[in-house]
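S.K.: There's a structure below that I have some questions on.
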Amino acid sequence: MKVFVQSVFTSLVIGFFNVAFAGQPVVSSYVIRNLSDVQVQRIADQFEITRSRAGAYEVMVPVPKRTVFLQLAPSAVLTRADISDEIRRSFKLNRADKTKSGYHSFNEVVQILQATAAANPKLTQLVNYGKSHGGKPLLALRVSNQLQNPAGVKRVVLTAATHGDEIITTEVLLNLMIEFITGATSNPRFAAILSKIEVDFIPVVNPDGFSTQDRYDEGQDPNRSFPWPEKPGATPTTSISGMIAFTQTYPMIGSIDFHAFGELTMYPWAYTRDPVSTSDEKVFAEVTGKMSETNKYTFGQISKVIYVAKGSSADYYYWKYHSLSLGVEIGNSKAPNVNQFPQYIESQRESTWRFLESFTGGKRG
């Protein structure tokens, strides 16, 4: 009887969210346990696994695909009917306190980028590289000493909010961006970086999801929609198609895609447990090891540190450009209280500067 009541309740909850958020991608969270590696991989091939711990896995499941998922994992336990609900509450709560600087809306992020570009015309350039599925601008703020003569410039790209519910990543990247630009002429360390490379900041990769604190883009996981070596014809979401076009126009030598959460600094491959070449593995391990000295994050190959994940940004950029491309999982919350902003920013400050210095021949630490 208890199982029947729980099943009915779950169906009613799912039904409510299907009606209440018609037209929006509602994503539920499940926990699966005691599955073989083969079973887990079958699930990972179709769904996003966000955490694994002691044989338990958290899986993100779009409601329309619930039946397919439960056929693969009939013993899965529903933990949250709508994973974005908690993030939306945190976003609203932390904006309500006018005594503190809380989370920024997408429009406010755009205004910050525009104002920063206008205030620093010799050093920065606002690049509009397309539109999201919902018509929102896809924006990057370029920071370079070579804006007038960009040919041959080595570019490093720092991105956040690929998943629209990981809103802390945008706040961290905005703060690092402002600090970097402010110190570009006065801080010898930053000046040395800019003498060798250009840094492009993209605080919101997925503006449609970010605007409503929804994880996905057009009902798909954007960080599983990149093509990868086994599936070069994969169809990206609109925001990811924009990113791909941006990197084709402005090829990169390195990148960090900031996510939340897990305290991890990771490198390719994600789609397979096979390692990259021995020489590249040495470079990746050296750079991420130096970065993680500063915040004590776990570092290593994505598929070995967490799980096999197909269609990620780090794999795509490394595959296409042979770039030093990483995924960083910040902290232990997607949307911490504003009082925790300083510690989240601090966790990435020195780590990010060391990453940028790795392209300049400068001292890493």
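Within each chain, counting starts at residue 1; across the structure tokens, chains are named A, B, ... in the order shown, with ligands numbered 1 upward in that order.
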Neighbours of stretch 220-229 of chain A within 7 Å (only C-alpha atoms; same-chain residues fewer than 6 positions away dropped), as a list in words?
M.R.: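 Those residues are Thr162, His163, Thr235, Pro236, Thr237, Ile240, Lys310, Gly311, Ser312, Ser313, Asp315 and Tyr316 of chain A.
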S.K.: Can you tell me, as a list of chain:residue names, which residues in stretch 137-176 of chain A count as helix (DSSP H, G or I) by DSSP?
M.R.: A:Ile168, A:Thr169, A:Thr170, A:Glu171, A:Val172, A:Leu173, A:Leu174, A:Asn175, A:Leu176
S.K.: In Å, how far is it from atom CA of A:Phe359 to atom CA of A:Thr124?
M.R.: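 Between atom CA of A:Phe359 and atom CA of A:Thr124 the gap works out to 19.8 Å.
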S.K.: Using Å and a single decimal, report how far atom CA of A:Ala161 sits from atom CA of A:Pro137.
M.R.: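 So the answer is 14.2 Å.
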S.K.: Using the chain letters and numbers from this document, which residues of stretch 176-314 of chain A does DSSP assign to strand (DSSP E), as a PyMOL selection string?
M.R.: chain A and resi 198-202+252-259+264-267+298-301
S.K.: A:Glu346, A:Asp200, A:Glu329, A:Glu286: which is nearest A:Arg155, counting only C-alpha atoms?
M.R.: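 Between A:Glu346, A:Asp200, A:Glu329, A:Glu286, the residue approaching A:Arg155 most closely is A:Asp200.
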S.K.: List the spatial neighbours of A:Pro336 as a ChimeraX atom specification - criterion: any atom at most 12 Å away, only C-alpha atoms, same-chain residues fewer than 5 positions off excluded.
M.R.: /A:86-91,93-94,102-103,165-169,171-172,260-261,330-331,341-345
S.K.: Can you tell me which residues surround A:Val63 at a distance of at most 6 Å, considering only C-alpha atoms, apart from same-chain residues fewer than 2 positions away, and format the answer as a list in words?
M.R.: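 Using only C-alpha atoms, the neighbours found are Val26, Val27, Lys65 and Arg66 of chain A.
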S.K.: May I have the selected residues written with N, CA, C and O atoms, as a compact mmCIF listing (two decimals), in the first residue's frame?
M.R.:
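Okay, this is what ended up in selection-v5.txt:
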# COMPACT_ATOMS: atom_id res chain seq x y z
N VAL A 26 11.37 20.51 -17.86
CA VAL A 26 11.40 20.16 -16.44
C VAL A 26 12.29 18.93 -16.28
O VAL A 26 12.11 17.93 -16.96
N VAL A 27 13.25 19.05 -15.39
CA VAL A 27 14.21 17.97 -15.18
C VAL A 27 14.09 17.48 -13.74
O VAL A 27 14.08 18.28 -12.80
N LYS A 65 11.32 11.96 -20.73
CA LYS A 65 12.11 10.75 -20.90
C LYS A 65 12.07 9.84 -19.66
O LYS A 65 12.85 8.90 -19.55
N ARG A 66 11.15 10.15 -18.76
CA ARG A 66 11.08 9.41 -17.50
C ARG A 66 10.84 7.92 -17.73
O ARG A 66 11.48 7.07 -17.10
S.K.: Leaving out stretch 201-210 of chain A and any residue of its chain fewer than 2 positions from it, which residues lie within 9 Å of it when counting only C-alpha atoms, given as a PyMOL selection string?
M.R.: chain A and resi 105-106+109+132-143+156-167+169-174+177+199+212-218+222+238-240+242-243
S.K.: Please report, as a tab-separated table, each residue of stretch 153-260 of chain A lying at most 12 Å from stretch 266-269 of chain A, together with the nearest pair of atoms and the separation in Å rounded to one decimal; use only C-alpha atoms, and order rows by chain and ascending residue number.
M.R.:
residue	atom	partner	partner_atom	distance
A:Trp228	CA	A:Trp269	CA	10.0
A:Pro229	CA	A:Trp269	CA	10.3
A:Glu230	CA	A:Trp269	CA	12.0
A:Gly254	CA	A:Tyr267	CA	11.2
A:Ser255	CA	A:Tyr267	CA	10.4
A:Ile256	CA	A:Met266	CA	9.5
A:Asp257	CA	A:Met266	CA	10.0
A:Phe258	CA	A:Met266	CA	10.6
A:His259	CA	A:Met266	CA	11.0
S.K.: Report, in Å to a single decimal, how far apart atom CA of A:Thr185 and atom CA of A:Asn149 are.
M.R.: 18.9 Å
S.K.: From the set A:Trp319, A:Tyr250, A:Phe355, A:Tyr271, which residue has the shortest atom-to-atom contact distance to A:Val287, counting only C-alpha atoms?
M.R.: A:Phe355
S.K.: Can you list, as a list of chain:residue names, every protein, DNA or RNA residue that comes within 8 Å of A:Thr79 when you count only C-alpha atoms, leaving out same-chain residues fewer than 5 positions away?
M.R.: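 The filter keeps A:Ser28, A:Ser29, A:Tyr30, A:Val31.
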S.K.: Within 10 Å of A:Pro121, counting only C-alpha atoms, which residues show up once you throw out same-chain ones fewer than 5 positions away? Write them as a list in words, please.
M.R.: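 Once the nearby chain positions are removed, what remains is Thr116, Leu126, Val143 and Leu147 of chain A.
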S.K.: Which one of A:Ser186, A:Ala44, A:Ser323, A:Lys296 sits closest to A:Leu72 if you count only C-alpha atoms?
M.R.: A:Ala44
